[in-house]
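**Student:** Structure file start.tsv (TSV, C-alpha atoms) is given on the next line.
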chain	number	residue	atom	x	y	z
A	1	MET	CA	72.12	15.46	-31.70
A	2	ARG	CA	75.45	13.82	-30.74
A	3	THR	CA	76.96	15.02	-33.99
A	4	LEU	CA	75.88	18.58	-33.23
A	5	ILE	CA	77.42	18.43	-29.75
A	6	ARG	CA	80.67	16.94	-31.08
A	7	THR	CA	80.85	19.53	-33.85
A	8	THR	CA	80.25	22.34	-31.37
A	9	LEU	CA	82.95	21.01	-29.02
A	10	MET	CA	85.41	20.69	-31.90
A	11	ILE	CA	84.73	24.26	-33.02
A	12	VAL	CA	85.25	25.54	-29.47
A	13	ALA	CA	88.52	23.58	-29.19
A	14	VAL	CA	89.81	24.90	-32.52
A	15	LEU	CA	88.92	28.48	-31.62
A	16	THR	CA	90.58	28.11	-28.21
A	17	LEU	CA	93.77	26.78	-29.78
A	18	ALA	CA	93.75	29.55	-32.37
A	19	ALA	CA	93.34	32.18	-29.65
A	20	CYS	CA	96.23	30.68	-27.68
A	21	LYS	CA	98.50	30.70	-30.71
A	22	GLY	CA	97.57	34.34	-31.35
A	23	GLU	CA	98.58	35.19	-27.76
A	24	GLU	CA	101.89	33.39	-28.21
A	25	LYS	CA	102.64	35.45	-31.32
A	26	ALA	CA	101.78	38.67	-29.49
A	27	ALA	CA	104.01	37.74	-26.58
A	28	VAL	CA	107.01	37.31	-28.87
A	29	VAL	CA	106.91	40.93	-30.07
A	30	ALA	CA	109.53	42.90	-28.12
A	31	PRO	CA	108.85	46.47	-27.03
A	32	VAL	CA	110.60	49.21	-28.95
A	33	ILE	CA	113.62	50.53	-27.06
A	34	LEU	CA	113.11	54.24	-26.55
A	35	SER	CA	115.77	56.82	-25.98
A	36	ALA	CA	115.22	60.19	-24.36
A	37	PRO	CA	115.43	63.27	-26.52
A	38	THR	CA	118.89	64.78	-26.70
A	39	SER	CA	117.46	68.29	-26.74
A	40	ASN	CA	115.31	70.07	-24.15
A	41	ASP	CA	112.46	70.52	-26.63
A	42	ASP	CA	109.16	70.27	-24.73
A	43	ARG	CA	107.30	68.58	-27.59
A	44	GLU	CA	109.95	65.88	-27.94
A	45	TRP	CA	110.00	65.26	-24.19
A	46	ARG	CA	106.22	65.11	-23.92
A	47	ALA	CA	106.07	62.64	-26.82
A	48	TYR	CA	108.79	60.57	-25.15
A	49	LEU	CA	106.84	60.55	-21.87
A	50	VAL	CA	103.74	59.30	-23.71
A	51	GLN	CA	105.72	56.49	-25.36
A	52	VAL	CA	107.30	55.37	-22.07
A	53	VAL	CA	103.88	55.40	-20.41
A	54	LYS	CA	102.43	53.27	-23.23
A	55	GLN	CA	105.16	50.69	-22.68
A	56	ASN	CA	104.33	50.51	-18.97
A	57	MET	CA	100.52	50.28	-19.11
A	58	GLN	CA	100.23	46.54	-18.38
A	59	GLY	CA	97.50	46.10	-15.78
A	60	ILE	CA	96.50	49.78	-15.81
A	61	ARG	CA	92.77	50.16	-16.36
A	62	SER	CA	92.42	53.94	-16.69
A	63	SER	CA	94.09	56.81	-18.48
A	64	PRO	CA	97.27	57.72	-16.62
A	65	PHE	CA	97.91	60.99	-14.83
A	66	MET	CA	100.97	62.41	-16.60
A	67	TYR	CA	103.11	65.12	-15.04
A	68	TYR	CA	105.79	66.99	-16.93
A	69	LEU	CA	108.27	69.75	-16.06
A	70	PRO	CA	110.32	71.67	-18.64
A	71	GLU	CA	114.08	72.17	-18.46
A	72	GLU	CA	115.10	74.15	-15.37
A	73	SER	CA	116.41	76.96	-17.56
A	74	ALA	CA	112.88	77.66	-18.87
A	75	GLU	CA	111.86	81.24	-18.13
A	76	ASP	CA	108.82	80.29	-16.05
A	77	PHE	CA	110.19	77.05	-14.58
A	78	ASP	CA	109.53	78.04	-10.95
A	79	ASP	CA	105.89	78.88	-11.70
A	80	GLN	CA	105.40	75.63	-13.60
A	81	TYR	CA	107.07	73.69	-10.80
A	82	GLU	CA	104.75	75.22	-8.17
A	83	ARG	CA	101.61	74.61	-10.25
A	84	GLN	CA	102.61	71.03	-10.98
A	85	LEU	CA	103.45	70.45	-7.31
A	86	GLU	CA	99.99	71.71	-6.29
A	87	ASN	CA	98.39	69.36	-8.83
A	88	VAL	CA	100.34	66.35	-7.61
A	89	ILE	CA	99.78	67.14	-3.92
A	90	GLY	CA	96.04	67.41	-4.62
A	91	THR	CA	95.97	64.10	-6.44
A	92	VAL	CA	98.04	62.30	-3.80
A	93	SER	CA	96.08	63.74	-0.87
A	94	ARG	CA	92.75	62.66	-2.41
A	95	GLY	CA	94.13	59.22	-3.17
A	96	VAL	CA	94.10	57.45	-6.49
A	97	VAL	CA	91.77	54.64	-7.53
A	98	PRO	CA	93.47	51.24	-7.88
A	99	GLY	CA	94.46	50.41	-11.45
A	100	ASN	CA	95.67	53.94	-12.24
A	101	MET	CA	99.13	55.28	-13.00
A	102	LEU	CA	100.90	58.52	-12.14
A	103	ALA	CA	103.73	59.15	-14.61
A	104	PHE	CA	106.49	61.72	-14.11
A	105	GLY	CA	108.98	62.86	-16.75
A	106	SER	CA	111.18	65.86	-17.42
A	107	PRO	CA	114.43	66.92	-19.05
A	108	SER	CA	115.22	67.95	-15.43
A	109	PRO	CA	114.69	64.59	-13.71
A	110	LYS	CA	116.38	65.61	-10.45
A	111	ARG	CA	113.88	68.45	-10.01
A	112	MET	CA	111.03	66.08	-10.89
A	113	ALA	CA	112.27	63.71	-8.16
A	114	GLU	CA	112.20	66.65	-5.73
A	115	LEU	CA	108.62	67.41	-6.76
A	116	ILE	CA	107.56	63.81	-6.20
A	117	GLU	CA	109.28	63.79	-2.82
A	118	GLU	CA	107.49	66.98	-1.74
A	119	ALA	CA	104.13	65.67	-2.96
A	120	PHE	CA	104.39	62.27	-1.29
A	121	VAL	CA	105.99	63.26	2.02
A	122	GLU	CA	102.62	63.58	3.77
A	123	ALA	CA	100.71	60.94	1.81
A	124	GLU	CA	98.63	58.54	3.86
A	125	PRO	CA	100.10	55.04	4.19
A	126	GLY	CA	98.17	52.57	2.04
A	127	SER	CA	96.21	55.33	0.26
A	128	MET	CA	97.35	54.29	-3.21
A	129	LYS	CA	97.14	50.51	-3.16
A	130	ASP	CA	97.44	48.97	-6.65
A	131	VAL	CA	98.44	52.28	-8.24
A	132	ARG	CA	101.63	52.49	-10.31
A	133	VAL	CA	104.00	55.45	-10.10
A	134	LEU	CA	106.32	55.73	-13.08
A	135	TYR	CA	109.40	57.92	-12.81
A	136	ILE	CA	111.67	58.67	-15.75
A	137	GLY	CA	115.04	59.48	-14.25
A	138	SER	CA	118.23	58.03	-12.83
A	139	GLN	CA	118.34	55.18	-10.36
A	140	ASP	CA	120.07	57.46	-7.84
A	141	ASP	CA	117.28	60.03	-7.97
A	142	ALA	CA	114.68	57.28	-7.84
A	143	GLU	CA	116.04	55.91	-4.57
A	144	GLN	CA	115.22	59.14	-2.74
A	145	ILE	CA	111.52	58.78	-3.61
A	146	ARG	CA	110.94	55.04	-3.85
A	147	SER	CA	110.25	54.49	-0.13
A	148	LEU	CA	107.83	57.45	0.06
A	149	VAL	CA	105.86	56.17	-2.92
A	150	GLU	CA	105.84	52.54	-1.80
A	151	ALA	CA	104.64	53.56	1.69
A	152	THR	CA	101.35	54.58	0.06
A	153	GLY	CA	100.90	51.06	-1.30
A	154	ALA	CA	101.74	52.14	-4.84
A	155	GLY	CA	104.13	50.21	-7.04
A	156	PHE	CA	107.16	52.16	-8.19
A	157	VAL	CA	108.74	51.86	-11.64
A	158	GLN	CA	111.89	53.73	-12.61
A	159	VAL	CA	112.89	54.10	-16.25
A	160	ASP	CA	116.30	55.43	-17.26
A	161	PRO	CA	115.96	58.25	-19.79
Please lay out the structure from this file as structure tokens.

**Tutor:**
Amino acid sequence: MRTLIRTTLMIVAVLTLAACKGEEKAAVVAPVILSAPTSNDDREWRAYLVQVVKQNMQGIRSSPFMYYLPEESAEDFDDQYERQLENVIGTVSRGVVPGNMLAFGSPSPKRMAELIEEAFVEAEPGSMKDVRVLYIGSQDDAEQIRSLVEATGAGFVQVDP
């Protein structure tokens, strides 16, 4: 009986050590450095947004809400902007369950920052606790929206394109 207990404890210890070493190896792998598309191609930008989101999913428990706007010169940009703004306002006004992410990307990051600002201006304080908002755009544009987003309790992450 003692031998069985000792053997079981040794197996558990070995498996625990093996699991720890596996975690150490995984932690050493560096994320791939992404660069934004140099063109305004929607497919390339959408794929880039997906990759940036994947690199920022730590702690996120659900599929992210991803919002995209085309280049401002797109023929129907104003219509797309208005539809996307309605979507984001609806999401923000309902609130988002903790552990979720809202991700925003566009080849027109300044306009995306304006959209975020419009959508969050009337958001309830504390309504998005433990939610992450990811914005792909310049630090300057991010500063205009950071305080609005953080007032909801959401974390704010800015990624340079």

**Student:** Name the residues within 8 Å of (104.1, 61.7, -13.7), counting only C-alpha atoms in the file's coordinates, and put them as a list in words.

**Tutor:**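 Checking each residue against the 8 Å limit leaves Phe65, Met66, Tyr67, Tyr68, Leu102, Ala103, Phe104, Gly105, Val133, Leu134 and Tyr135 of chain A.
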
**Student:** From the list A:Met57, A:Val131, A:Ile89, A:Ile136, which residue is nearest Glu117 in chain A when using only C-alpha atoms?

**Tutor:** A:Ile89

**Student:** Would you mind reading off the distance between CA of Ala123 in chain A and CA of Gln51 in chain A, one decimal, in Å?

**Tutor:**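 So the answer is 28.0 Å.
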
**Student:** Calculate how many Å separate CA of Glu82 in chain A from CA of Asn56 in chain A, rounding to one decimal.

**Tutor:**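 Going from CA of Glu82 in chain A over to CA of Asn56 in chain A covers 27.0 Å.
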
**Student:** My list of candidates is A:Asp140, A:Pro98, A:Phe77, A:Ser108. Which is closest to Gly153 in chain A when distances are computed with all atoms listed in the file?

**Tutor:**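 With all atoms listed in the file as the atom set, the closest residue is A:Pro98.
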
**Student:** Go ahead and compute the interatomic distance for CA of Ser127 in chain A and CA of Leu85 in chain A, in Å to one decimal.

**Tutor:**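 Spanning CA of Ser127 in chain A to CA of Leu85 in chain A is a straight-line distance of 18.4 Å.
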
**Student:** So which residues touch Met128 in chain A within 8 Å, counting all atoms listed in the file, skipping near sequence neighbours fewer than 6 positions away, as an MDAnalysis selection string?

**Tutor:** chainID A and resid 95:98 152:154

**Student:** Rank nothing, just name the residue among A:Ser62, A:Pro125, A:Asn100, A:Trp45 nearest to Ser147 in chain A, using all atoms listed in the file.

**Tutor:**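 Closest to Ser147 in chain A of all the choices is A:Pro125.
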
**Student:** Just checking: using only C-alpha atoms, which residue out of A:Gly90, A:Gly59, A:Pro107, A:Pro161 ends up closest to Ser138 in chain A?

**Tutor:**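 With only C-alpha atoms as the atom set, the closest residue is A:Pro161.
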
**Student:** Given the choices A:Gln144, A:Gln55, A:Asn87, A:Ser106, which gets closest to Asn40 in chain A if the distance is worked out from all atoms listed in the file?

**Tutor:**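 Closest to Asn40 in chain A, using all atoms listed in the file: A:Ser106.
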
**Student:** For Ser63 in chain A, which of A:Gly126, A:Gly99, A:Pro109, A:Gly137 is the closest residue, counting all atoms listed in the file?

**Tutor:**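 Closest residue, counting all atoms listed in the file: A:Gly99.
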